[in-house]
$ cat run-v5.tsv   # TSV, C-alpha atoms
chain	number	residue	atom	x	y	z
A	22	PRO	CA	-44.72	40.37	-152.78
A	23	LEU	CA	-42.29	38.97	-150.19
A	24	VAL	CA	-39.38	39.14	-152.67
A	25	ILE	CA	-40.21	42.72	-153.69
A	26	TYR	CA	-40.53	43.84	-150.07
A	27	SER	CA	-37.36	42.10	-148.94
A	28	LEU	CA	-35.14	43.48	-151.71
A	29	ASN	CA	-36.40	47.03	-151.20
A	30	LEU	CA	-36.04	46.69	-147.42
A	31	LEU	CA	-32.34	45.81	-147.62
A	32	ASP	CA	-30.15	48.89	-147.33
A	33	VAL	CA	-27.68	47.92	-150.04
A	34	GLU	CA	-26.71	50.32	-152.80
A	35	ASN	CA	-28.25	49.47	-156.21
A	36	LEU	CA	-29.78	46.23	-154.89
A	37	GLN	CA	-33.32	47.49	-155.47
A	38	GLU	CA	-32.73	47.61	-159.23
A	39	PHE	CA	-32.70	43.80	-159.27
A	40	THR	CA	-36.23	43.57	-157.84
A	41	TRP	CA	-38.01	43.02	-161.14
A	42	VAL	CA	-35.45	40.43	-162.27
A	43	ALA	CA	-35.60	38.52	-158.97
A	44	THR	CA	-39.40	38.58	-159.03
A	45	GLY	CA	-39.45	37.31	-162.61
A	46	ILE	CA	-37.02	34.51	-161.73
A	47	LEU	CA	-39.18	33.42	-158.80
A	48	VAL	CA	-42.43	33.50	-160.83
A	49	PHE	CA	-41.19	31.65	-163.90
A	50	SER	CA	-39.04	29.17	-161.93
A	51	SER	CA	-42.10	28.28	-159.85
A	52	VAL	CA	-44.27	27.80	-162.94
A	53	ASN	CA	-41.57	25.68	-164.57
A	54	PHE	CA	-41.17	23.62	-161.35
A	55	VAL	CA	-44.86	22.64	-161.49
A	56	ILE	CA	-44.78	21.94	-165.24
A	57	ARG	CA	-41.65	19.78	-164.92
A	58	PHE	CA	-43.16	17.38	-162.42
A	59	TYR	CA	-46.50	17.26	-164.23
A	60	LEU	CA	-44.71	16.11	-167.39
A	61	LEU	CA	-42.74	13.52	-165.43
A	62	GLY	CA	-45.97	12.22	-163.94
A	63	ALA	CA	-47.59	12.14	-167.38
A	64	TYR	CA	-44.70	10.10	-168.87
A	65	GLY	CA	-43.33	13.13	-170.67
A	66	ALA	CA	-39.77	12.62	-169.50
A	67	LYS	CA	-38.30	13.10	-172.96
A	68	GLN	CA	-39.97	16.51	-173.20
A	69	VAL	CA	-38.49	17.37	-169.80
A	70	LEU	CA	-35.01	16.46	-171.03
A	71	ILE	CA	-35.39	18.61	-174.15
A	72	ILE	CA	-36.74	21.55	-172.15
A	73	ASP	CA	-33.88	21.24	-169.64
A	74	ILE	CA	-31.27	21.20	-172.41
A	75	VAL	CA	-32.79	24.27	-174.07
A	76	GLY	CA	-32.98	26.10	-170.73
A	77	ILE	CA	-29.37	25.34	-169.80
A	78	PHE	CA	-28.16	26.39	-173.26
A	79	VAL	CA	-30.11	29.67	-173.11
A	80	LYS	CA	-28.82	30.47	-169.61
A	81	PHE	CA	-25.21	29.71	-170.48
A	82	ALA	CA	-25.30	31.54	-173.84
A	83	VAL	CA	-27.10	34.66	-172.56
A	84	GLY	CA	-25.01	34.82	-169.38
A	85	TYR	CA	-21.69	34.37	-171.17
A	86	ALA	CA	-22.60	36.97	-173.83
A	87	MET	CA	-23.72	39.55	-171.27
A	88	VAL	CA	-20.79	38.99	-168.90
A	89	ALA	CA	-18.36	39.22	-171.83
A	90	SER	CA	-20.10	42.47	-172.87
A	91	GLY	CA	-19.52	43.99	-169.45
A	92	TYR	CA	-22.98	43.77	-167.89
A	93	GLY	CA	-21.70	41.83	-164.91
A	94	MET	CA	-24.28	40.88	-162.29
A	95	ASN	CA	-27.14	42.42	-164.27
A	96	GLY	CA	-26.35	40.11	-167.15
A	97	ILE	CA	-26.10	37.05	-164.91
A	98	LEU	CA	-29.53	37.59	-163.37
A	99	VAL	CA	-31.08	38.31	-166.76
A	100	ALA	CA	-29.61	35.00	-167.99
A	101	PHE	CA	-31.43	33.13	-165.21
A	102	LEU	CA	-34.63	34.99	-166.10
A	103	PHE	CA	-34.28	34.09	-169.80
A	104	GLN	CA	-33.69	30.45	-168.88
A	105	PHE	CA	-36.93	30.09	-166.92
A	106	LEU	CA	-38.86	32.23	-169.40
A	107	SER	CA	-37.77	30.14	-172.39
A	108	MET	CA	-38.51	26.88	-170.55
A	109	THR	CA	-41.97	28.12	-169.59
A	110	LEU	CA	-42.81	29.29	-173.12
A	111	ILE	CA	-41.78	25.92	-174.56
A	112	SER	CA	-43.68	23.99	-171.88
A	113	ILE	CA	-47.04	25.76	-172.10
A	114	PRO	CA	-48.07	24.33	-175.53
A	115	ILE	CA	-47.06	20.83	-174.38
A	116	ILE	CA	-49.12	21.16	-171.20
A	117	ARG	CA	-52.15	22.42	-173.14
A	118	LEU	CA	-52.00	19.39	-175.42
A	119	LYS	CA	-51.75	16.96	-172.50
A	120	LEU	CA	-54.38	18.62	-170.32
A	121	GLY	CA	-56.95	19.13	-173.06
A	122	GLY	CA	-60.24	20.14	-171.48
A	123	THR	CA	-59.41	18.93	-167.98
A	124	THR	CA	-61.19	20.79	-165.17
A	125	TYR	CA	-60.48	20.74	-161.45
A	126	ARG	CA	-62.65	21.05	-158.36
A	127	ILE	CA	-61.94	23.64	-155.67
A	128	SER	CA	-60.81	20.88	-153.31
A	129	HIS	CA	-58.28	19.69	-155.89
A	130	ILE	CA	-56.94	23.21	-156.33
A	131	MET	CA	-56.59	23.58	-152.54
A	132	ASP	CA	-54.60	20.33	-152.41
A	133	ILE	CA	-52.28	21.69	-155.10
A	134	LEU	CA	-51.81	24.95	-153.17
A	135	LYS	CA	-51.05	22.96	-150.00
A	136	ASP	CA	-48.37	20.96	-151.81
A	137	ALA	CA	-46.93	24.20	-153.21
A	138	VAL	CA	-46.65	25.77	-149.75
A	139	LEU	CA	-45.00	22.66	-148.31
A	140	ASN	CA	-42.47	22.67	-151.18
A	141	THR	CA	-41.67	26.36	-150.73
A	142	PRO	CA	-38.68	25.98	-148.33
A	143	ALA	CA	-37.01	23.36	-150.54
A	144	LYS	CA	-37.69	25.29	-153.74
A	145	PHE	CA	-36.73	28.67	-152.29
A	146	SER	CA	-33.47	27.31	-150.89
A	147	ARG	CA	-32.32	26.11	-154.31
A	148	THR	CA	-33.46	29.37	-155.93
A	149	LEU	CA	-31.50	31.29	-153.30
A	150	ILE	CA	-28.37	29.21	-153.75
A	151	PHE	CA	-28.28	28.95	-157.55
A	152	SER	CA	-30.14	32.04	-158.78
A	153	LEU	CA	-29.76	34.76	-156.16
A	154	SER	CA	-26.32	33.96	-154.75
A	155	VAL	CA	-24.87	36.50	-157.18
A	156	VAL	CA	-26.95	39.20	-155.48
A	157	LEU	CA	-25.53	38.18	-152.12
A	158	LEU	CA	-22.01	38.32	-153.55
A	159	ALA	CA	-22.63	41.85	-154.81
A	160	SER	CA	-24.15	42.91	-151.49
A	161	ILE	CA	-20.85	42.26	-149.69
A	162	GLY	CA	-18.83	44.22	-152.28
A	163	MET	CA	-17.57	41.42	-154.53
A	164	SER	CA	-16.25	42.76	-157.86
A	165	GLU	CA	-18.26	42.10	-161.01
A	166	THR	CA	-15.26	40.28	-162.49
A	167	ASP	CA	-15.22	37.77	-159.63
A	168	ILE	CA	-19.01	37.42	-159.80
A	169	GLY	CA	-18.77	36.73	-163.53
A	170	ILE	CA	-16.14	34.02	-162.95
A	171	PHE	CA	-18.26	32.45	-160.22
A	172	TYR	CA	-21.28	32.46	-162.52
A	173	ILE	CA	-19.39	30.62	-165.27
A	174	ILE	CA	-18.02	27.91	-162.96
A	175	MET	CA	-21.45	27.50	-161.35
A	176	MET	CA	-23.00	27.05	-164.80
A	177	ILE	CA	-20.43	24.37	-165.65
A	178	SER	CA	-21.27	22.42	-162.50
A	179	ILE	CA	-25.02	22.78	-163.17
A	180	VAL	CA	-24.58	21.53	-166.73
A	181	ALA	CA	-22.55	18.55	-165.50
A	182	GLY	CA	-25.21	17.56	-163.00
A	183	GLY	CA	-28.32	18.75	-164.82
A	184	LEU	CA	-28.06	17.04	-168.18
A	185	VAL	CA	-27.37	13.62	-166.73
A	186	SER	CA	-30.13	14.06	-164.14
A	187	GLY	CA	-32.51	14.76	-167.00
A	188	ILE	CA	-31.49	11.53	-168.72
A	189	SER	CA	-31.96	9.56	-165.50
A	190	TYR	CA	-35.54	10.83	-165.23
A	191	MET	CA	-36.30	9.34	-168.64
A	192	ILE	CA	-35.74	5.77	-167.52
A	193	LEU	CA	-38.15	5.88	-164.58
A	194	PRO	CA	-41.32	4.95	-166.52
A	195	SER	CA	-39.50	2.06	-168.23
A	196	LEU	CA	-37.82	0.59	-165.15
A	197	PRO	CA	-39.07	-2.71	-163.78
A	198	SER	CA	-41.46	-2.44	-160.87
A	199	SER	CA	-39.55	-1.80	-157.66
A	200	VAL	CA	-40.10	-0.68	-154.11
A	201	ASP	CA	-38.52	2.74	-154.59
A	202	LEU	CA	-38.12	4.43	-157.97
A	203	SER	CA	-36.44	7.37	-156.25
A	204	LEU	CA	-33.52	5.11	-155.38
A	205	ASP	CA	-33.33	3.86	-158.98
A	206	SER	CA	-33.18	7.47	-160.13
A	207	LEU	CA	-30.41	8.25	-157.63
A	208	ARG	CA	-28.41	5.15	-158.56
A	209	VAL	CA	-28.58	5.83	-162.29
A	210	GLY	CA	-28.09	9.59	-161.97
A	211	LEU	CA	-24.97	9.26	-159.81
A	212	SER	CA	-23.53	6.49	-162.00
A	213	LEU	CA	-23.82	8.69	-165.09
A	214	THR	CA	-22.62	11.83	-163.33
A	215	VAL	CA	-19.47	10.45	-161.69
A	216	PRO	CA	-17.33	10.41	-164.90
A	217	LEU	CA	-18.23	14.07	-165.53
A	218	ILE	CA	-17.32	15.00	-161.95
A	219	VAL	CA	-13.98	13.21	-162.32
A	220	GLY	CA	-13.30	15.15	-165.52
A	221	LEU	CA	-13.98	18.45	-163.76
A	222	VAL	CA	-11.92	17.76	-160.62
A	223	THR	CA	-8.91	16.38	-162.51
A	224	ALA	CA	-8.71	19.05	-165.21
A	225	PRO	CA	-10.44	22.24	-164.01
A	226	GLU	CA	-7.91	24.57	-165.64
A	227	MET	CA	-8.27	22.83	-168.98
A	228	VAL	CA	-12.07	23.03	-168.83
A	229	LEU	CA	-12.09	26.72	-167.91
A	230	SER	CA	-9.42	27.61	-170.47
A	231	LEU	CA	-11.84	26.48	-173.19
A	232	ILE	CA	-14.03	29.43	-172.19
A	233	GLY	CA	-11.23	31.92	-171.56
A	234	GLU	CA	-7.81	31.93	-169.94
A	235	HIS	CA	-8.81	34.53	-167.34
A	236	TYR	CA	-11.44	32.12	-165.97
A	237	THR	CA	-8.78	29.61	-164.87
A	238	ILE	CA	-8.31	31.47	-161.57
A	239	GLY	CA	-11.61	29.89	-160.55
A	240	SER	CA	-10.33	26.32	-161.03
A	241	MET	CA	-10.31	25.43	-157.33
A	242	ALA	CA	-13.84	26.78	-156.92
A	243	LEU	CA	-14.90	24.60	-159.85
A	244	VAL	CA	-13.41	21.54	-158.13
A	245	ILE	CA	-15.36	22.30	-154.96
A	246	LEU	CA	-18.63	22.84	-156.85
A	247	ALA	CA	-18.07	19.63	-158.83
A	248	LEU	CA	-17.68	17.68	-155.59
A	249	GLY	CA	-21.00	19.17	-154.49
A	250	ILE	CA	-22.87	17.54	-157.38
A	251	VAL	CA	-23.20	14.20	-155.56
A	252	PRO	CA	-24.79	15.56	-152.35
A	253	SER	CA	-26.90	17.96	-154.41
A	254	SER	CA	-28.30	15.02	-156.39
A	255	VAL	CA	-29.10	13.21	-153.14
A	256	VAL	CA	-31.01	16.28	-151.92
A	257	MET	CA	-33.03	16.56	-155.14
A	258	VAL	CA	-34.06	12.93	-155.03
A	259	GLY	CA	-34.83	13.25	-151.31
A	260	ILE	CA	-37.24	16.10	-152.07
A	261	SER	CA	-38.86	14.03	-154.80
A	262	ARG	CA	-39.20	11.08	-152.41
A	263	CYS	CA	-40.85	13.27	-149.74
A	264	ASN	CA	-43.42	14.40	-152.31
A	265	THR	CA	-44.06	10.84	-153.43
A	266	ILE	CA	-44.73	9.43	-149.96
A	267	GLY	CA	-46.39	12.56	-148.59
A	268	ASN	CA	-43.66	13.29	-146.04
A	269	ASN	CA	-44.57	16.95	-145.49
A	270	LYS	CA	-42.38	17.33	-142.43
A	271	GLY	CA	-39.37	16.01	-144.33
A	272	LEU	CA	-39.94	18.53	-147.13
A	273	VAL	CA	-39.96	21.47	-144.76
A	274	ILE	CA	-36.93	20.22	-142.82
A	275	ILE	CA	-34.83	19.65	-145.95
A	276	GLY	CA	-35.64	23.13	-147.27
A	277	LEU	CA	-34.99	24.94	-144.01
A	278	VAL	CA	-31.75	23.06	-143.28
A	279	GLN	CA	-30.44	23.90	-146.75
A	280	ILE	CA	-31.26	27.61	-146.41
A	281	ILE	CA	-29.82	27.94	-142.91
A	282	LEU	CA	-26.61	26.05	-143.66
A	283	PHE	CA	-25.96	28.01	-146.85
A	284	LEU	CA	-26.45	31.40	-145.18
A	285	ILE	CA	-24.26	30.44	-142.21
A	286	PHE	CA	-21.40	29.12	-144.37
A	287	PHE	CA	-21.80	32.04	-146.79
A	288	MET	CA	-21.35	34.63	-144.02
A	289	ILE	CA	-18.36	32.74	-142.61
A	290	PHE	CA	-16.38	31.88	-145.75
A	291	VAL	CA	-17.20	34.44	-148.46
A	292	PRO	CA	-15.82	37.57	-146.72
A	293	VAL	CA	-12.51	35.71	-146.25
A	294	TYR	CA	-12.18	33.49	-149.33
A	295	GLY	CA	-14.32	35.25	-151.96
A	296	ILE	CA	-15.70	33.05	-154.75
A	297	LEU	CA	-13.87	30.05	-153.26
A	298	GLY	CA	-15.87	30.62	-150.09
A	299	ALA	CA	-19.10	30.87	-152.09
A	300	ALA	CA	-18.38	27.52	-153.74
A	301	LEU	CA	-17.50	26.00	-150.38
A	302	SER	CA	-20.73	27.36	-148.86
A	303	MET	CA	-22.83	25.74	-151.57
A	304	THR	CA	-21.11	22.36	-151.33
A	305	LEU	CA	-21.19	22.23	-147.53
A	306	SER	CA	-24.88	23.15	-147.48
A	307	PHE	CA	-25.57	20.29	-149.91
A	308	VAL	CA	-23.51	17.88	-147.81
A	309	GLY	CA	-25.34	18.81	-144.62
A	310	THR	CA	-28.77	18.64	-146.25
A	311	SER	CA	-27.97	15.32	-147.96
A	312	ILE	CA	-27.68	13.71	-144.51
A	313	GLN	CA	-31.32	14.54	-143.82
A	314	SER	CA	-32.25	13.40	-147.35
A	315	MET	CA	-30.54	10.04	-146.79
A	316	ARG	CA	-32.70	9.50	-143.72
A	317	VAL	CA	-35.70	9.82	-146.01
A	318	LEU	CA	-34.25	7.68	-148.80
A	319	GLY	CA	-32.89	4.87	-146.64
A	320	ALA	CA	-29.62	2.94	-146.33
A	321	ALA	CA	-29.35	2.22	-150.07
A	322	SER	CA	-28.81	5.92	-150.79
A	323	ILE	CA	-25.77	5.89	-148.48
A	324	ARG	CA	-24.33	2.97	-150.46
A	325	TYR	CA	-24.80	4.79	-153.78
A	326	ALA	CA	-23.18	7.96	-152.42
A	327	ILE	CA	-20.21	5.99	-150.99
A	328	ILE	CA	-19.66	4.16	-154.29
A	329	SER	CA	-19.73	7.49	-156.13
A	330	ALA	CA	-17.24	8.98	-153.67
A	331	LEU	CA	-14.92	5.96	-154.06
A	332	ALA	CA	-15.05	6.20	-157.87
A	333	ILE	CA	-14.33	9.94	-157.78
A	334	GLY	CA	-11.49	9.47	-155.28
A	335	ALA	CA	-9.93	6.67	-157.32
A	336	GLY	CA	-10.15	8.66	-160.54
A	337	TRP	CA	-8.65	11.72	-158.89
A	338	SER	CA	-5.79	9.65	-157.41
A	339	ILE	CA	-5.01	7.95	-160.72
A	340	SER	CA	-4.95	11.34	-162.44
A	341	PHE	CA	-2.47	12.69	-159.88
A	342	ILE	CA	-0.20	9.66	-160.19
A	343	SER	CA	-0.27	9.53	-164.00
A	344	ASN	CA	0.24	13.27	-164.34
A	345	HIS	CA	2.70	14.17	-161.58
A	346	VAL	CA	4.51	10.86	-160.99
A	347	ILE	CA	4.55	9.15	-164.39
A	348	GLY	CA	4.45	12.41	-166.37
A	349	PHE	CA	1.52	11.87	-168.73
A	350	GLU	CA	-0.11	14.84	-170.41
A	351	SER	CA	-3.13	16.33	-168.63
A	352	VAL	CA	-5.55	15.18	-171.31
A	353	ILE	CA	-4.30	11.59	-171.17
A	354	SER	CA	-4.38	11.58	-167.34
A	355	THR	CA	-7.95	12.88	-167.36
A	356	VAL	CA	-9.11	10.23	-169.83
A	357	ILE	CA	-7.47	7.48	-167.78
A	358	SER	CA	-9.06	8.76	-164.57
A	359	ILE	CA	-12.52	8.84	-166.18
A	360	ILE	CA	-12.12	5.27	-167.45
A	361	VAL	CA	-11.03	4.13	-163.97
A	362	SER	CA	-14.06	5.77	-162.34
A	363	ILE	CA	-16.41	4.06	-164.80
A	364	LEU	CA	-14.76	0.68	-164.18
A	365	ILE	CA	-15.22	1.07	-160.43
A	366	ILE	CA	-18.90	1.93	-160.93
A	367	PHE	CA	-19.24	-1.31	-162.96
A	368	MET	CA	-17.19	-3.42	-160.53
A	369	LEU	CA	-19.25	-2.31	-157.54
A	370	LYS	CA	-22.40	-3.05	-159.52
A	371	ASN	CA	-23.90	0.40	-159.29
A	372	ILE	CA	-24.85	0.10	-162.95
A	373	SER	CA	-24.08	-2.39	-165.72
A	374	PRO	CA	-22.42	-1.50	-169.05
A	375	GLY	CA	-25.54	-2.56	-170.93
A	376	GLU	CA	-27.80	-0.44	-168.73
A	377	MET	CA	-25.54	2.59	-169.12
A	378	TYR	CA	-25.51	2.23	-172.91
A	379	SER	CA	-29.29	1.83	-173.06
A	380	ILE	CA	-29.86	4.95	-170.96
A	381	LEU	CA	-27.38	7.12	-172.85
A	382	THR	CA	-28.95	6.18	-176.19
A	383	LEU	CA	-32.55	6.46	-174.94
A	384	PRO	CA	-33.00	10.16	-175.90
A	385	PHE	CA	-32.33	9.26	-179.55
A	386	LYS	CA	-34.86	6.42	-179.74
A	387	LYS	CA	-38.56	6.46	-180.42
A	388	ASP	CA	-40.17	4.64	-177.57
A	389	GLU	CA	-43.39	4.14	-175.72
A	390	ILE	CA	-42.63	6.59	-172.93
A	391	ILE	CA	-44.19	9.51	-174.75
A	392	ASP	CA	-47.99	9.60	-174.88
$ encode --input "run-v5.tsv" --output "structure tokens"
Amino acid sequence: PLVIYSLNLLDVENLQEFTWVATGILVFSSVNFVIRFYLLGAYGAKQVLIIDIVGIFVKFAVGYAMVASGYGMNGILVAFLFQFLSMTLISIPIIRLKLGGTTYRISHIMDILKDAVLNTPAKFSRTLIFSLSVVLLASIGMSETDIGIFYIIMMISIVAGGLVSGISYMILPSLPSSVDLSLDSLRVGLSLTVPLIVGLVTAPEMVLSLIGEHYTIGSMALVILALGIVPSSVVMVGISRCNTIGNNKGLVIIGLVQIILFLIFFMIFVPVYGILGAALSMTLSFVGTSIQSMRVLGAASIRYAIISALAIGAGWSISFISNHVIGFESVISTVISIIVSILIIFMLKNISPGEMYSILTLPFKKDEIID
């Protein structure tokens, strides 16, 4: 009801037509949010990975097809709706099998509702940033062409961070007992994500040209969004940690800080810099919120973030030197930079080669994680 009222209250031409799409996104994303963490708790991490991959593929395919067909912002929002709808439809049969005939008392249901309310700021902030930012871009008069380009580069950054994050979740049930599994997830997730980030920041034009030459004008925005993957990962794990230890205050603070920072930076940068400002707003909001998340996660999270930043910086520097000073081709420079970033991750002992190989091959093995 709040989404419907808010969108119809805003005095922006044609914004009300997105009400049903925005409402559908909120409903199905919320359902999928609950299902995702139930499966993780029930050692169904492999199912979560598969569902995530299907959802990302559906969103990218539907969005690209509709943007290419000229539907612009309508097509982008429908792509988000199809993503959450497909993920929910796939998840429901799995949940029914795992739940069986389980029943819950009223007190249990009230506890669930309490947790849902406490998670609302954190969940809504990410929905606002990733799903409804295109509406905000349209509300300030951004052209559908620019919105379409921003959507594509945002999807690339989500794919780069999302797939590897899904793989990192799979190792949690099989990790040795430790004080903080959230930190293990952050360490592994960042270690696997860094090479992808380096690839995006060193060769954004090459990546975007694979989709279409006219998308290459968004290369700098892609670099900025790629750099935002590290702080975004810290925020996600911080939210998970707050849920695990029952830090209700931390949950609310993280969500509110993320919303406020994004809206402030959005209003400052987007009218001046367009889609570059939108990318900058997202990344800066993640950076600011990650500081609060690190307070929840502890000093080790700072170390993992610093190592990731060093690996990305080294890879980026090597790419610049090999490409602009030595004169290597862009592809060769990118490959070299990725290798360098991986070596730094190994040298600083963020992850071992054997551990990385085991995790990357885990989705293709039959193991005891699944019930």
$ atom_distance --input "run-v5.tsv" --atom1 "CA of Phe286 (chain A)" --atom2 "CA of Asp167 (chain A)"
18.6 Å
$ residues_around --input "run-v5.tsv" --residues "Ser314 (chain A)" --least-positions-apart "2" --cutoff "6 Å" --atoms "all atoms listed in the file" --output "number ranges by chain"
A: 256, 259, 311-312, 316-317
$ atom_distance --input "run-v5.tsv" --atom1 "CA of Val155 (chain A)" --atom2 "CA of Ile296 (chain A)"
10.1 Å
$ closest_residue --input "run-v5.tsv" --among "A:Phe105, A:Leu248, A:Tyr378, A:Phe287" --to "Leu221 (chain A)" --atoms "only C-alpha atoms"
A:Leu248
$ atom_distance --input "run-v5.tsv" --atom1 "CA of Ile173 (chain A)" --atom2 "CA of Ser343 (chain A)"
28.5 Å
$ residues_around --input "run-v5.tsv" --residues "Thr304 (chain A)" --least-positions-apart "6" --cutoff "7 Å" --atoms "only C-alpha atoms" --output "PyMOL selection string"
chain A and resi 245-246+249
$ axis_aligned_box --input "run-v5.tsv" --around "region 220-234 of chain A" --padding-each-side "8 Å" --output "JSON"
{"center_x": -10.9, "center_y": 23.5, "center_z": -166.9, "size_x": 22.2, "size_y": 32.8, "size_z": 28.6}
$ residues_near_point --input "run-v5.tsv" --point "(-14.7, 10.0, -156.8)" --cutoff "12 Å" --atoms "all atoms listed in the file" --output "ChimeraX atom specification"
/A:211-212,214-223,244,247-251,325-340,358-366
$ closest_residue --input "run-v5.tsv" --among "A:Ser322, A:Arg208, A:Phe349, A:Ile72" --to "Ile111 (chain A)" --atoms "all atoms listed in the file"
A:Ile72
$ closest_residue --input "run-v5.tsv" --among "A:Glu226, A:Glu165, A:Asp205, A:Glu376" --to "Ser351 (chain A)" --atoms "all atoms listed in the file"
A:Glu226
$ residues_around --input "run-v5.tsv" --residues "Leu297 (chain A)" --least-positions-apart "4" --cutoff "10 Å" --atoms "all atoms listed in the file" --output "list in words"
Phe171, Gly239, Ser240, Met241, Ala242, Leu243, Val244, Ile245, Leu246, Phe290, Val291, Val293, Leu301 and Ser302 of chain A
$ closest_residue --input "run-v5.tsv" --among "A:Val180, A:Leu305, A:Ile280, A:Val209" --to "Lys370 (chain A)" --atoms "all atoms listed in the file"
A:Val209
$ decode --input "run-v5.tsv" --residues "region 232-247 of chain A" --atoms "N, CA, C and O atoms" --output "PDB file, in the first residue's frame"
ATOM      1  N   ILE A 232      28.239  -6.243 -26.152  1.00  0.00           N
ATOM      2  CA  ILE A 232      26.785  -6.103 -26.159  1.00  0.00           C
ATOM      3  C   ILE A 232      26.337  -5.206 -27.296  1.00  0.00           C
ATOM      4  O   ILE A 232      25.340  -5.469 -27.967  1.00  0.00           O
ATOM      5  N   GLY A 233      27.091  -4.146 -27.543  1.00  0.00           N
ATOM      6  CA  GLY A 233      26.767  -3.217 -28.618  1.00  0.00           C
ATOM      7  C   GLY A 233      27.686  -2.006 -28.534  1.00  0.00           C
ATOM      8  O   GLY A 233      27.981  -1.516 -27.441  1.00  0.00           O
ATOM      9  N   GLU A 234      28.132  -1.528 -29.674  1.00  0.00           N
ATOM     10  CA  GLU A 234      29.098  -0.432 -29.686  1.00  0.00           C
ATOM     11  C   GLU A 234      28.559   0.831 -29.033  1.00  0.00           C
ATOM     12  O   GLU A 234      29.298   1.590 -28.423  1.00  0.00           O
ATOM     13  N   HIS A 235      27.233   1.071 -29.164  1.00  0.00           N
ATOM     14  CA  HIS A 235      26.676   2.305 -28.611  1.00  0.00           C
ATOM     15  C   HIS A 235      26.635   2.291 -27.087  1.00  0.00           C
ATOM     16  O   HIS A 235      26.393   3.328 -26.469  1.00  0.00           O
ATOM     17  N   TYR A 236      26.873   1.126 -26.473  1.00  0.00           N
ATOM     18  CA  TYR A 236      26.895   1.060 -25.012  1.00  0.00           C
ATOM     19  C   TYR A 236      28.245   1.503 -24.434  1.00  0.00           C
ATOM     20  O   TYR A 236      28.362   1.715 -23.228  1.00  0.00           O
ATOM     21  N   THR A 237      29.258   1.626 -25.268  1.00  0.00           N
ATOM     22  CA  THR A 237      30.600   1.942 -24.772  1.00  0.00           C
ATOM     23  C   THR A 237      30.694   3.338 -24.162  1.00  0.00           C
ATOM     24  O   THR A 237      31.649   3.628 -23.433  1.00  0.00           O
ATOM     25  N   ILE A 238      29.717   4.200 -24.425  1.00  0.00           N
ATOM     26  CA  ILE A 238      29.745   5.536 -23.821  1.00  0.00           C
ATOM     27  C   ILE A 238      29.519   5.453 -22.304  1.00  0.00           C
ATOM     28  O   ILE A 238      29.783   6.421 -21.583  1.00  0.00           O
ATOM     29  N   GLY A 239      29.064   4.289 -21.834  1.00  0.00           N
ATOM     30  CA  GLY A 239      28.869   4.102 -20.402  1.00  0.00           C
ATOM     31  C   GLY A 239      30.045   3.420 -19.725  1.00  0.00           C
ATOM     32  O   GLY A 239      29.901   2.913 -18.607  1.00  0.00           O
ATOM     33  N   SER A 240      31.214   3.407 -20.376  1.00  0.00           N
ATOM     34  CA  SER A 240      32.367   2.667 -19.844  1.00  0.00           C
ATOM     35  C   SER A 240      32.836   3.221 -18.497  1.00  0.00           C
ATOM     36  O   SER A 240      33.162   2.452 -17.585  1.00  0.00           O
ATOM     37  N   MET A 241      32.877   4.537 -18.348  1.00  0.00           N
ATOM     38  CA  MET A 241      33.323   5.104 -17.074  1.00  0.00           C
ATOM     39  C   MET A 241      32.332   4.801 -15.959  1.00  0.00           C
ATOM     40  O   MET A 241      32.724   4.540 -14.812  1.00  0.00           O
ATOM     41  N   ALA A 242      31.057   4.815 -16.280  1.00  0.00           N
ATOM     42  CA  ALA A 242      30.037   4.448 -15.278  1.00  0.00           C
ATOM     43  C   ALA A 242      30.198   2.993 -14.860  1.00  0.00           C
ATOM     44  O   ALA A 242      30.009   2.653 -13.685  1.00  0.00           O
ATOM     45  N   LEU A 243      30.561   2.133 -15.808  1.00  0.00           N
ATOM     46  CA  LEU A 243      30.786   0.727 -15.488  1.00  0.00           C
ATOM     47  C   LEU A 243      31.978   0.577 -14.542  1.00  0.00           C
ATOM     48  O   LEU A 243      31.941  -0.228 -13.609  1.00  0.00           O
ATOM     49  N   VAL A 244      33.025   1.341 -14.769  1.00  0.00           N
ATOM     50  CA  VAL A 244      34.193   1.304 -13.881  1.00  0.00           C
ATOM     51  C   VAL A 244      33.789   1.685 -12.458  1.00  0.00           C
ATOM     52  O   VAL A 244      34.169   1.024 -11.483  1.00  0.00           O
ATOM     53  N   ILE A 245      33.004   2.739 -12.335  1.00  0.00           N
ATOM     54  CA  ILE A 245      32.589   3.208 -11.013  1.00  0.00           C
ATOM     55  C   ILE A 245      31.717   2.167 -10.315  1.00  0.00           C
ATOM     56  O   ILE A 245      31.891   1.894  -9.117  1.00  0.00           O
ATOM     57  N   LEU A 246      30.776   1.566 -11.054  1.00  0.00           N
ATOM     58  CA  LEU A 246      29.921   0.538 -10.464  1.00  0.00           C
ATOM     59  C   LEU A 246      30.731  -0.702 -10.087  1.00  0.00           C
ATOM     60  O   LEU A 246      30.449  -1.344  -9.061  1.00  0.00           O
ATOM     61  N   ALA A 247      31.716  -1.053 -10.903  1.00  0.00           N
ATOM     62  CA  ALA A 247      32.561  -2.209 -10.590  1.00  0.00           C
ATOM     63  C   ALA A 247      33.324  -1.986  -9.293  1.00  0.00           C
ATOM     64  O   ALA A 247      33.468  -2.896  -8.470  1.00  0.00           O
TER      65      ALA A 247
END
